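**Student:** Let me begin by handing over the structure; questions about it come next.
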Number of protein chains: 2
Amino acid sequence: MRGMEPIDIFKALSNETRLSILQWLKEPEKHFPKQGAHLPKEVSVKGGVCVGDIQEKANVSQSTVSQYLNTMQKAGLLESVRYGQWTYYRRNEEVISKLASYFKTEI
Amino acid sequence: MRGMEPIDIFKALSNETRLSILQWLKEPEKHFPKQGAHLPKEVSVKGGVCVGDIQEKANVSQSTVSQYLNTMQKAGLLESVRYGQWTYYRRNEEVISKLASYFKTEI
DNA sequence: TCATTATATCTAGATTTTCCGATATGTCAA
DNA sequence: TTGACATATCGGAAAATCTAGATATAATGA
């Protein structure tokens, strides 16, 4: 994780769907009831949701959601873990809380 | 001032120059030494800086800075006061602090 | 090995944003 | 009035972003 780039983060947040995804991932169990269905229970991807589940909820094409998630990851808002054929995305709380302080002090 | 629209705010912040303007206006006396030069001293436009001074510092065309300021005002980040032939822009601290709480609680 | 499933990447047309020069509007002072 | 100055708005070419379909990659299981 390189230094936070506020501009890239703001660009990532400048889209209704991407902003929603970030908010959904605050409470994955609430917004993605089937969460973790594919995971054997000894594996934990805490807070992570797979691309397909996010796509279904976001209601955009598969390529679009994949690109959205990539954009958000490059901005630092999300991180991903691959497990088998699934990629689980979750919030990068460290960056997000840095962003909140940036907001308070710099904006 | 209508309800805050986070997306519009993030769009407004997704530009290096606009973001700088917002930050410059945190400390106008520091970044705009000639601040208020046109104002008779009985008139106070506290924290406000005129378009020309902002343009000079931002180093973009007059029409561009005017549009930037308008964008930021529509997003709620700035407010303007006209005095004679000058328009003074300053931060809308109320909206900005609402935004900071929005950030903490919703993002 | 092969078919299937999940995700990523490539490509491109449509849409939006950027940013300027030109021009309009508004204010002041002579 | 008129001319000079400050700012706003208009119009448009270029650049960036959006979003999807097509295709590639990777993992799984039969």
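Identifiers in the structure tokens: chain A, B, ... in order shown; residue index from 1 per chain; ligand index from 1 in order shown.
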Within 12 Å of chain D, which residues of chain B are there when counting only C-alpha atoms (C1' of nucleotides)? Please give them as a VMD selection string.
**Tutor:** chain B and resid 38 50 to 53 55 62 to 70 82 to 88
**Student:** Pull N, CA, C and O atoms from the residues just selected and write them as a PDB file, in the first residue's frame.
**Tutor:**
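Produced file again24.pdb, reproduced below:
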ATOM      1  N   HIS B  38      -9.230  45.335  -1.975  1.00  0.00           N
ATOM      2  CA  HIS B  38     -10.239  46.202  -2.595  1.00  0.00           C
ATOM      3  C   HIS B  38     -11.302  46.664  -1.622  1.00  0.00           C
ATOM      4  O   HIS B  38     -12.075  47.558  -1.925  1.00  0.00           O
ATOM      5  N   CYS B  50     -11.199  37.145  -3.539  1.00  0.00           N
ATOM      6  CA  CYS B  50     -11.848  37.415  -4.819  1.00  0.00           C
ATOM      7  C   CYS B  50     -11.302  36.518  -5.926  1.00  0.00           C
ATOM      8  O   CYS B  50     -10.213  35.954  -5.827  1.00  0.00           O
ATOM      9  N   VAL B  51     -12.112  36.391  -6.963  1.00  0.00           N
ATOM     10  CA  VAL B  51     -11.819  35.458  -8.056  1.00  0.00           C
ATOM     11  C   VAL B  51     -10.454  35.710  -8.687  1.00  0.00           C
ATOM     12  O   VAL B  51      -9.693  34.780  -8.946  1.00  0.00           O
ATOM     13  N   GLY B  52     -10.154  36.981  -8.901  1.00  0.00           N
ATOM     14  CA  GLY B  52      -8.885  37.320  -9.543  1.00  0.00           C
ATOM     15  C   GLY B  52      -7.681  36.839  -8.757  1.00  0.00           C
ATOM     16  O   GLY B  52      -6.716  36.321  -9.341  1.00  0.00           O
ATOM     17  N   ASP B  53      -7.732  36.986  -7.441  1.00  0.00           N
ATOM     18  CA  ASP B  53      -6.613  36.525  -6.613  1.00  0.00           C
ATOM     19  C   ASP B  53      -6.494  35.009  -6.674  1.00  0.00           C
ATOM     20  O   ASP B  53      -5.386  34.457  -6.728  1.00  0.00           O
ATOM     21  N   GLN B  55      -7.515  33.135  -9.119  1.00  0.00           N
ATOM     22  CA  GLN B  55      -7.054  32.784 -10.460  1.00  0.00           C
ATOM     23  C   GLN B  55      -5.541  32.888 -10.573  1.00  0.00           C
ATOM     24  O   GLN B  55      -4.864  31.999 -11.085  1.00  0.00           O
ATOM     25  N   GLN B  62      -9.282  32.610 -16.588  1.00  0.00           N
ATOM     26  CA  GLN B  62     -10.327  33.257 -15.799  1.00  0.00           C
ATOM     27  C   GLN B  62     -11.630  32.465 -15.868  1.00  0.00           C
ATOM     28  O   GLN B  62     -12.296  32.250 -14.857  1.00  0.00           O
ATOM     29  N   SER B  63     -11.980  31.996 -17.065  1.00  0.00           N
ATOM     30  CA  SER B  63     -13.242  31.256 -17.186  1.00  0.00           C
ATOM     31  C   SER B  63     -13.165  29.928 -16.432  1.00  0.00           C
ATOM     32  O   SER B  63     -14.145  29.507 -15.813  1.00  0.00           O
ATOM     33  N   THR B  64     -12.007  29.335 -16.457  1.00  0.00           N
ATOM     34  CA  THR B  64     -11.857  28.062 -15.749  1.00  0.00           C
ATOM     35  C   THR B  64     -12.008  28.249 -14.242  1.00  0.00           C
ATOM     36  O   THR B  64     -12.755  27.511 -13.599  1.00  0.00           O
ATOM     37  N   VAL B  65     -11.353  29.246 -13.703  1.00  0.00           N
ATOM     38  CA  VAL B  65     -11.444  29.410 -12.252  1.00  0.00           C
ATOM     39  C   VAL B  65     -12.870  29.777 -11.857  1.00  0.00           C
ATOM     40  O   VAL B  65     -13.386  29.311 -10.843  1.00  0.00           O
ATOM     41  N   SER B  66     -13.515  30.555 -12.695  1.00  0.00           N
ATOM     42  CA  SER B  66     -14.894  30.929 -12.404  1.00  0.00           C
ATOM     43  C   SER B  66     -15.782  29.686 -12.366  1.00  0.00           C
ATOM     44  O   SER B  66     -16.618  29.530 -11.483  1.00  0.00           O
ATOM     45  N   GLN B  67     -15.550  28.801 -13.326  1.00  0.00           N
ATOM     46  CA  GLN B  67     -16.341  27.564 -13.348  1.00  0.00           C
ATOM     47  C   GLN B  67     -15.989  26.646 -12.189  1.00  0.00           C
ATOM     48  O   GLN B  67     -16.873  26.021 -11.598  1.00  0.00           O
ATOM     49  N   TYR B  68     -14.743  26.572 -11.847  1.00  0.00           N
ATOM     50  CA  TYR B  68     -14.345  25.759 -10.686  1.00  0.00           C
ATOM     51  C   TYR B  68     -15.077  26.236  -9.439  1.00  0.00           C
ATOM     52  O   TYR B  68     -15.633  25.454  -8.683  1.00  0.00           O
ATOM     53  N   LEU B  69     -15.046  27.553  -9.246  1.00  0.00           N
ATOM     54  CA  LEU B  69     -15.650  28.100  -8.040  1.00  0.00           C
ATOM     55  C   LEU B  69     -17.152  27.846  -8.034  1.00  0.00           C
ATOM     56  O   LEU B  69     -17.739  27.508  -7.008  1.00  0.00           O
ATOM     57  N   ASN B  70     -17.749  27.953  -9.202  1.00  0.00           N
ATOM     58  CA  ASN B  70     -19.176  27.689  -9.302  1.00  0.00           C
ATOM     59  C   ASN B  70     -19.494  26.226  -8.978  1.00  0.00           C
ATOM     60  O   ASN B  70     -20.441  25.932  -8.250  1.00  0.00           O
ATOM     61  N   ARG B  82     -20.932  38.971  -3.107  1.00  0.00           N
ATOM     62  CA  ARG B  82     -20.486  39.954  -4.083  1.00  0.00           C
ATOM     63  C   ARG B  82     -20.332  41.299  -3.387  1.00  0.00           C
ATOM     64  O   ARG B  82     -21.195  41.702  -2.593  1.00  0.00           O
ATOM     65  N   TYR B  83     -19.227  41.965  -3.647  1.00  0.00           N
ATOM     66  CA  TYR B  83     -19.078  43.308  -3.129  1.00  0.00           C
ATOM     67  C   TYR B  83     -18.577  44.162  -4.272  1.00  0.00           C
ATOM     68  O   TYR B  83     -17.449  44.009  -4.736  1.00  0.00           O
ATOM     69  N   GLY B  84     -19.436  45.043  -4.755  1.00  0.00           N
ATOM     70  CA  GLY B  84     -19.071  45.851  -5.904  1.00  0.00           C
ATOM     71  C   GLY B  84     -18.794  44.948  -7.081  1.00  0.00           C
ATOM     72  O   GLY B  84     -19.540  44.010  -7.350  1.00  0.00           O
ATOM     73  N   GLN B  85     -17.696  45.201  -7.741  1.00  0.00           N
ATOM     74  CA  GLN B  85     -17.428  44.384  -8.912  1.00  0.00           C
ATOM     75  C   GLN B  85     -16.685  43.099  -8.579  1.00  0.00           C
ATOM     76  O   GLN B  85     -16.328  42.342  -9.456  1.00  0.00           O
ATOM     77  N   TRP B  86     -16.466  42.872  -7.300  1.00  0.00           N
ATOM     78  CA  TRP B  86     -15.737  41.668  -6.905  1.00  0.00           C
ATOM     79  C   TRP B  86     -16.665  40.626  -6.299  1.00  0.00           C
ATOM     80  O   TRP B  86     -17.649  40.968  -5.640  1.00  0.00           O
ATOM     81  N   THR B  87     -16.328  39.385  -6.539  1.00  0.00           N
ATOM     82  CA  THR B  87     -17.039  38.300  -5.865  1.00  0.00           C
ATOM     83  C   THR B  87     -16.046  37.611  -4.946  1.00  0.00           C
ATOM     84  O   THR B  87     -14.970  37.208  -5.384  1.00  0.00           O
ATOM     85  N   TYR B  88     -16.389  37.541  -3.690  1.00  0.00           N
ATOM     86  CA  TYR B  88     -15.527  36.906  -2.696  1.00  0.00           C
ATOM     87  C   TYR B  88     -16.041  35.507  -2.407  1.00  0.00           C
ATOM     88  O   TYR B  88     -17.229  35.328  -2.137  1.00  0.00           O
TER      89      TYR B  88
END
**Student:** Among chain B, which residues does DSSP mark as strand (DSSP E) when it is run on the backbone? Keep the chain and numbering as in the structure and answer as a list in words.
**Tutor:** Val49, Cys50, Leu78, Glu79, Ser80, Val81, Arg82, Tyr83, Trp86, Thr87, Tyr88, Tyr89, Arg90 and Arg91 of chain B
**Student:** Pull N, CA and C atoms from the residues just selected and write them as a CSV table (one decimal), in the first residue's frame.
**Tutor:**
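Below you can see out25.csv, which holds the result:
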chain,number,residue,atom,x,y,z
B,49,VAL,N,-12.0,35.5,-0.5
B,49,VAL,CA,-11.0,35.9,-1.5
B,49,VAL,C,-11.6,36.1,-2.8
B,50,CYS,N,-11.2,37.1,-3.5
B,50,CYS,CA,-11.8,37.4,-4.8
B,50,CYS,C,-11.3,36.5,-5.9
B,78,LEU,N,-18.3,25.9,-1.0
B,78,LEU,CA,-18.0,27.3,-0.9
B,78,LEU,C,-19.3,28.1,-0.9
B,79,GLU,N,-19.1,29.3,-0.5
B,79,GLU,CA,-20.2,30.3,-0.6
B,79,GLU,C,-19.6,31.6,-1.1
B,80,SER,N,-20.4,32.4,-1.7
B,80,SER,CA,-19.9,33.7,-2.3
B,80,SER,C,-20.6,34.9,-1.8
B,81,VAL,N,-19.9,36.0,-1.8
B,81,VAL,CA,-20.5,37.3,-1.5
B,81,VAL,C,-20.0,38.2,-2.5
B,82,ARG,N,-20.9,39.0,-3.1
B,82,ARG,CA,-20.5,40.0,-4.1
B,82,ARG,C,-20.3,41.3,-3.4
B,83,TYR,N,-19.2,42.0,-3.6
B,83,TYR,CA,-19.1,43.3,-3.1
B,83,TYR,C,-18.6,44.2,-4.3
B,86,TRP,N,-16.5,42.9,-7.3
B,86,TRP,CA,-15.7,41.7,-6.9
B,86,TRP,C,-16.7,40.6,-6.3
B,87,THR,N,-16.3,39.4,-6.5
B,87,THR,CA,-17.0,38.3,-5.9
B,87,THR,C,-16.0,37.6,-4.9
B,88,TYR,N,-16.4,37.5,-3.7
B,88,TYR,CA,-15.5,36.9,-2.7
B,88,TYR,C,-16.0,35.5,-2.4
B,89,TYR,N,-15.2,34.6,-2.5
B,89,TYR,CA,-15.5,33.2,-2.2
B,89,TYR,C,-14.8,32.8,-0.9
B,90,ARG,N,-15.6,32.0,-0.1
B,90,ARG,CA,-15.0,31.5,1.1
B,90,ARG,C,-15.6,30.1,1.4
B,91,ARG,N,-14.9,29.4,2.2
B,91,ARG,CA,-15.4,28.0,2.6
B,91,ARG,C,-16.7,28.1,3.3
**Student:** Within 8 Å of chain B, which residues of chain C show up when using only C-alpha atoms (C1' of nucleotides), listed as a PDB file with C-alpha atoms (C1' of nucleotides), in the first residue's frame?
**Tutor:**
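The file below, selection.pdb, is the result:
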ATOM      1  C1'  DC C  19     -10.587  23.892 -20.010  1.00  0.00           C
ATOM      2  C1'  DC C  20     -10.097  27.402 -23.053  1.00  0.00           C
ATOM      3  C1'  DG C  26     -22.415  44.073 -14.172  1.00  0.00           C
ATOM      4  C1'  DT C  27     -20.020  47.808 -11.641  1.00  0.00           C
ATOM      5  C1'  DC C  28     -17.453  51.821 -11.157  1.00  0.00           C
TER       6       DC C  28
END
**Student:** Would you write out, as JSON lines, a table of all residues in chain A that have an atom no more than 10 Å from an atom of chain B, listing for each the closest atom pair and the distance in Å to one decimal, considering only C-alpha atoms and ordering rows by chain and rising residue number?
**Tutor:**
{"residue": "A:Pro6", "atom": "CA", "partner": "B:Ser14", "partner_atom": "CA", "distance": 8.1}
{"residue": "A:Ile7", "atom": "CA", "partner": "B:Ser14", "partner_atom": "CA", "distance": 5.0}
{"residue": "A:Asp8", "atom": "CA", "partner": "B:Ser14", "partner_atom": "CA", "distance": 7.2}
{"residue": "A:Ile9", "atom": "CA", "partner": "B:Ser14", "partner_atom": "CA", "distance": 8.1}
{"residue": "A:Phe10", "atom": "CA", "partner": "B:Phe10", "partner_atom": "CA", "distance": 5.1}
{"residue": "A:Lys11", "atom": "CA", "partner": "B:Ser14", "partner_atom": "CA", "distance": 5.4}
{"residue": "A:Ala12", "atom": "CA", "partner": "B:Phe10", "partner_atom": "CA", "distance": 8.7}
{"residue": "A:Leu13", "atom": "CA", "partner": "B:Phe10", "partner_atom": "CA", "distance": 6.3}
{"residue": "A:Ser14", "atom": "CA", "partner": "B:Ile7", "partner_atom": "CA", "distance": 5.0}
{"residue": "A:Asn15", "atom": "CA", "partner": "B:Ile7", "partner_atom": "CA", "distance": 6.5}
{"residue": "A:Glu16", "atom": "CA", "partner": "B:Ile7", "partner_atom": "CA", "distance": 6.9}
{"residue": "A:Leu19", "atom": "CA", "partner": "B:Ile107", "partner_atom": "CA", "distance": 8.2}
{"residue": "A:Ser20", "atom": "CA", "partner": "B:Ile107", "partner_atom": "CA", "distance": 9.3}
{"residue": "A:Leu22", "atom": "CA", "partner": "B:Ile107", "partner_atom": "CA", "distance": 7.1}
{"residue": "A:Gln23", "atom": "CA", "partner": "B:Ile107", "partner_atom": "CA", "distance": 6.1}
{"residue": "A:Trp24", "atom": "CA", "partner": "B:Ile107", "partner_atom": "CA", "distance": 9.7}
{"residue": "A:Leu25", "atom": "CA", "partner": "B:Ile107", "partner_atom": "CA", "distance": 9.8}
{"residue": "A:Lys26", "atom": "CA", "partner": "B:Ile107", "partner_atom": "CA", "distance": 8.0}
{"residue": "A:Ile96", "atom": "CA", "partner": "B:Ile107", "partner_atom": "CA", "distance": 7.9}
{"residue": "A:Ser97", "atom": "CA", "partner": "B:Lys104", "partner_atom": "CA", "distance": 8.2}
{"residue": "A:Leu99", "atom": "CA", "partner": "B:Phe103", "partner_atom": "CA", "distance": 8.8}
{"residue": "A:Ala100", "atom": "CA", "partner": "B:Lys104", "partner_atom": "CA", "distance": 6.2}
{"residue": "A:Ser101", "atom": "CA", "partner": "B:Ala100", "partner_atom": "CA", "distance": 9.0}
{"residue": "A:Tyr102", "atom": "CA", "partner": "B:Ala100", "partner_atom": "CA", "distance": 9.8}
{"residue": "A:Phe103", "atom": "CA", "partner": "B:Ala100", "partner_atom": "CA", "distance": 6.3}
{"residue": "A:Lys104", "atom": "CA", "partner": "B:Ala100", "partner_atom": "CA", "distance": 6.2}
{"residue": "A:Thr105", "atom": "CA", "partner": "B:Ala100", "partner_atom": "CA", "distance": 9.8}
{"residue": "A:Glu106", "atom": "CA", "partner": "B:Gln23", "partner_atom": "CA", "distance": 7.0}
{"residue": "A:Ile107", "atom": "CA", "partner": "B:Gln23", "partner_atom": "CA", "distance": 6.1}
**Student:** Limited to N, CA, C and O atoms, could you put the picked residues into a file as an mmCIF file, in the first residue's frame?
**Tutor:**
data_model
loop_
_atom_site.group_PDB
_atom_site.id
_atom_site.type_symbol
_atom_site.label_atom_id
_atom_site.label_comp_id
_atom_site.auth_asym_id
_atom_site.auth_seq_id
_atom_site.Cartn_x
_atom_site.Cartn_y
_atom_site.Cartn_z
ATOM 1 N N PRO A 6 -5.372 11.264 -2.387
ATOM 2 C CA PRO A 6 -6.748 11.730 -2.183
ATOM 3 C C PRO A 6 -7.522 11.884 -3.488
ATOM 4 O O PRO A 6 -8.694 11.518 -3.547
ATOM 5 N N ILE A 7 -6.873 12.403 -4.524
ATOM 6 C CA ILE A 7 -7.600 12.609 -5.776
ATOM 7 C C ILE A 7 -8.155 11.293 -6.326
ATOM 8 O O ILE A 7 -9.315 11.222 -6.735
ATOM 9 N N ASP A 8 -7.320 10.261 -6.318
ATOM 10 C CA ASP A 8 -7.788 8.968 -6.816
ATOM 11 C C ASP A 8 -8.920 8.427 -5.954
ATOM 12 O O ASP A 8 -9.844 7.784 -6.452
ATOM 13 N N ILE A 9 -8.817 8.660 -4.667
ATOM 14 C CA ILE A 9 -9.879 8.202 -3.774
ATOM 15 C C ILE A 9 -11.171 8.953 -4.069
ATOM 16 O O ILE A 9 -12.234 8.355 -4.191
ATOM 17 N N PHE A 10 -11.076 10.267 -4.227
ATOM 18 C CA PHE A 10 -12.287 11.035 -4.513
ATOM 19 C C PHE A 10 -12.893 10.613 -5.852
ATOM 20 O O PHE A 10 -14.114 10.530 -5.989
ATOM 21 N N LYS A 11 -12.041 10.326 -6.834
ATOM 22 C CA LYS A 11 -12.568 9.844 -8.111
ATOM 23 C C LYS A 11 -13.297 8.520 -7.925
ATOM 24 O O LYS A 11 -14.378 8.316 -8.473
ATOM 25 N N ALA A 12 -12.700 7.654 -7.145
ATOM 26 C CA ALA A 12 -13.338 6.358 -6.918
ATOM 27 C C ALA A 12 -14.695 6.521 -6.232
ATOM 28 O O ALA A 12 -15.627 5.766 -6.491
ATOM 29 N N LEU A 13 -14.798 7.529 -5.390
ATOM 30 C CA LEU A 13 -16.044 7.748 -4.641
ATOM 31 C C LEU A 13 -17.070 8.549 -5.432
ATOM 32 O O LEU A 13 -18.200 8.723 -4.985
ATOM 33 N N SER A 14 -16.665 9.036 -6.605
ATOM 34 C CA SER A 14 -17.553 9.902 -7.406
ATOM 35 C C SER A 14 -18.521 9.107 -8.263
ATOM 36 O O SER A 14 -18.871 9.534 -9.363
ATOM 37 N N ASN A 15 -18.916 7.980 -7.808
ATOM 38 C CA ASN A 15 -19.817 7.134 -8.583
ATOM 39 C C ASN A 15 -20.758 6.432 -7.605
ATOM 40 O O ASN A 15 -20.317 5.811 -6.639
ATOM 41 N N GLU A 16 -22.022 6.567 -7.880
ATOM 42 C CA GLU A 16 -23.067 6.050 -6.995
ATOM 43 C C GLU A 16 -22.848 4.570 -6.648
ATOM 44 O O GLU A 16 -22.897 4.186 -5.481
ATOM 45 N N LEU A 19 -19.671 3.973 -4.530
ATOM 46 C CA LEU A 19 -19.892 4.448 -3.171
ATOM 47 C C LEU A 19 -20.769 3.462 -2.400
ATOM 48 O O LEU A 19 -20.491 3.135 -1.243
ATOM 49 N N SER A 20 -21.793 2.946 -3.065
ATOM 50 C CA SER A 20 -22.660 1.964 -2.408
ATOM 51 C C SER A 20 -21.894 0.702 -2.025
ATOM 52 O O SER A 20 -22.064 0.169 -0.933
ATOM 53 N N LEU A 22 -18.830 0.362 -1.273
ATOM 54 C CA LEU A 22 -18.023 0.622 -0.080
ATOM 55 C C LEU A 22 -18.886 0.586 1.178
ATOM 56 O O LEU A 22 -18.472 0.079 2.220
ATOM 57 N N GLN A 23 -20.092 1.130 1.058
ATOM 58 C CA GLN A 23 -20.980 1.160 2.213
ATOM 59 C C GLN A 23 -21.548 -0.224 2.519
ATOM 60 O O GLN A 23 -21.641 -0.606 3.691
ATOM 61 N N TRP A 24 -21.878 -0.970 1.478
ATOM 62 C CA TRP A 24 -22.358 -2.341 1.711
ATOM 63 C C TRP A 24 -21.315 -3.144 2.465
ATOM 64 O O TRP A 24 -21.639 -3.933 3.345
ATOM 65 N N LEU A 25 -20.068 -2.934 2.100
ATOM 66 C CA LEU A 25 -18.998 -3.741 2.702
ATOM 67 C C LEU A 25 -18.724 -3.365 4.160
ATOM 68 O O LEU A 25 -17.937 -4.021 4.831
ATOM 69 N N LYS A 26 -19.390 -2.308 4.611
ATOM 70 C CA LYS A 26 -19.287 -1.996 6.045
ATOM 71 C C LYS A 26 -19.989 -3.063 6.861
ATOM 72 O O LYS A 26 -19.579 -3.346 7.985
ATOM 73 N N ILE A 96 -8.995 3.751 4.998
ATOM 74 C CA ILE A 96 -10.217 4.534 5.162
ATOM 75 C C ILE A 96 -10.149 5.408 6.400
ATOM 76 O O ILE A 96 -10.590 6.562 6.384
ATOM 77 N N SER A 97 -9.548 4.902 7.459
ATOM 78 C CA SER A 97 -9.510 5.760 8.638
ATOM 79 C C SER A 97 -8.447 6.846 8.487
ATOM 80 O O SER A 97 -8.618 7.969 8.974
ATOM 81 N N LEU A 99 -7.949 8.257 5.730
ATOM 82 C CA LEU A 99 -8.669 9.214 4.902
ATOM 83 C C LEU A 99 -9.564 10.108 5.752
ATOM 84 O O LEU A 99 -9.644 11.316 5.539
ATOM 85 N N ALA A 100 -10.201 9.497 6.741
ATOM 86 C CA ALA A 100 -11.072 10.280 7.616
ATOM 87 C C ALA A 100 -10.263 11.335 8.371
ATOM 88 O O ALA A 100 -10.713 12.477 8.518
ATOM 89 N N SER A 101 -9.058 10.972 8.805
ATOM 90 C CA SER A 101 -8.253 11.997 9.511
ATOM 91 C C SER A 101 -7.767 13.042 8.529
ATOM 92 O O SER A 101 -7.749 14.241 8.844
ATOM 93 N N TYR A 102 -7.370 12.592 7.343
ATOM 94 C CA TYR A 102 -6.978 13.544 6.302
ATOM 95 C C TYR A 102 -8.086 14.564 6.123
ATOM 96 O O TYR A 102 -7.853 15.767 6.048
ATOM 97 N N PHE A 103 -9.296 14.058 6.074
ATOM 98 C CA PHE A 103 -10.440 14.918 5.899
ATOM 99 C C PHE A 103 -10.533 15.950 7.007
ATOM 100 O O PHE A 103 -10.731 17.139 6.765
ATOM 101 N N LYS A 104 -10.401 15.466 8.219
ATOM 102 C CA LYS A 104 -10.543 16.378 9.353
ATOM 103 C C LYS A 104 -9.447 17.419 9.386
ATOM 104 O O LYS A 104 -9.680 18.578 9.720
ATOM 105 N N THR A 105 -8.221 17.013 9.048
ATOM 106 C CA THR A 105 -7.113 17.943 9.225
ATOM 107 C C THR A 105 -6.769 18.740 7.978
ATOM 108 O O THR A 105 -6.364 19.895 8.073
ATOM 109 N N GLU A 106 -6.936 18.139 6.804
ATOM 110 C CA GLU A 106 -6.459 18.800 5.588
ATOM 111 C C GLU A 106 -7.559 19.484 4.780
ATOM 112 O O GLU A 106 -7.271 20.356 3.962
ATOM 113 N N ILE A 107 -8.767 19.027 4.912
ATOM 114 C CA ILE A 107 -9.850 19.595 4.095
ATOM 115 C C ILE A 107 -10.569 20.728 4.831
ATOM 116 O O ILE A 107 -10.654 20.735 6.016
#
**Student:** DSSP on the backbone: which residues in chain B end up as helix (DSSP H, G or I)? Give the answer as a ChimeraX atom specification.
**Tutor:** /B:6-13,16-24,28-31,51-58,62-75,93-106
**Student:** Could you jot down the atom CA of B:Thr71 to atom CA of B:Glu56 separation for me, Å, one decimal place?
**Tutor:**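 Between these atoms lies a distance of 18.5 Å.
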**Student:** Mind pulling up the distance from atom CA of A:Lys74 to atom CA of A:Met4?
**Tutor:**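 Atom CA of A:Lys74 lies at a distance of 10.0 Å from atom CA of A:Met4.
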**Student:** Can you measure atom CA of B:Ile21 to atom CA of B:Lys46 for me? One decimal in Å is fine.
**Tutor:**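 Spanning atom CA of B:Ile21 to atom CA of B:Lys46 is a straight-line distance of 16.2 Å.
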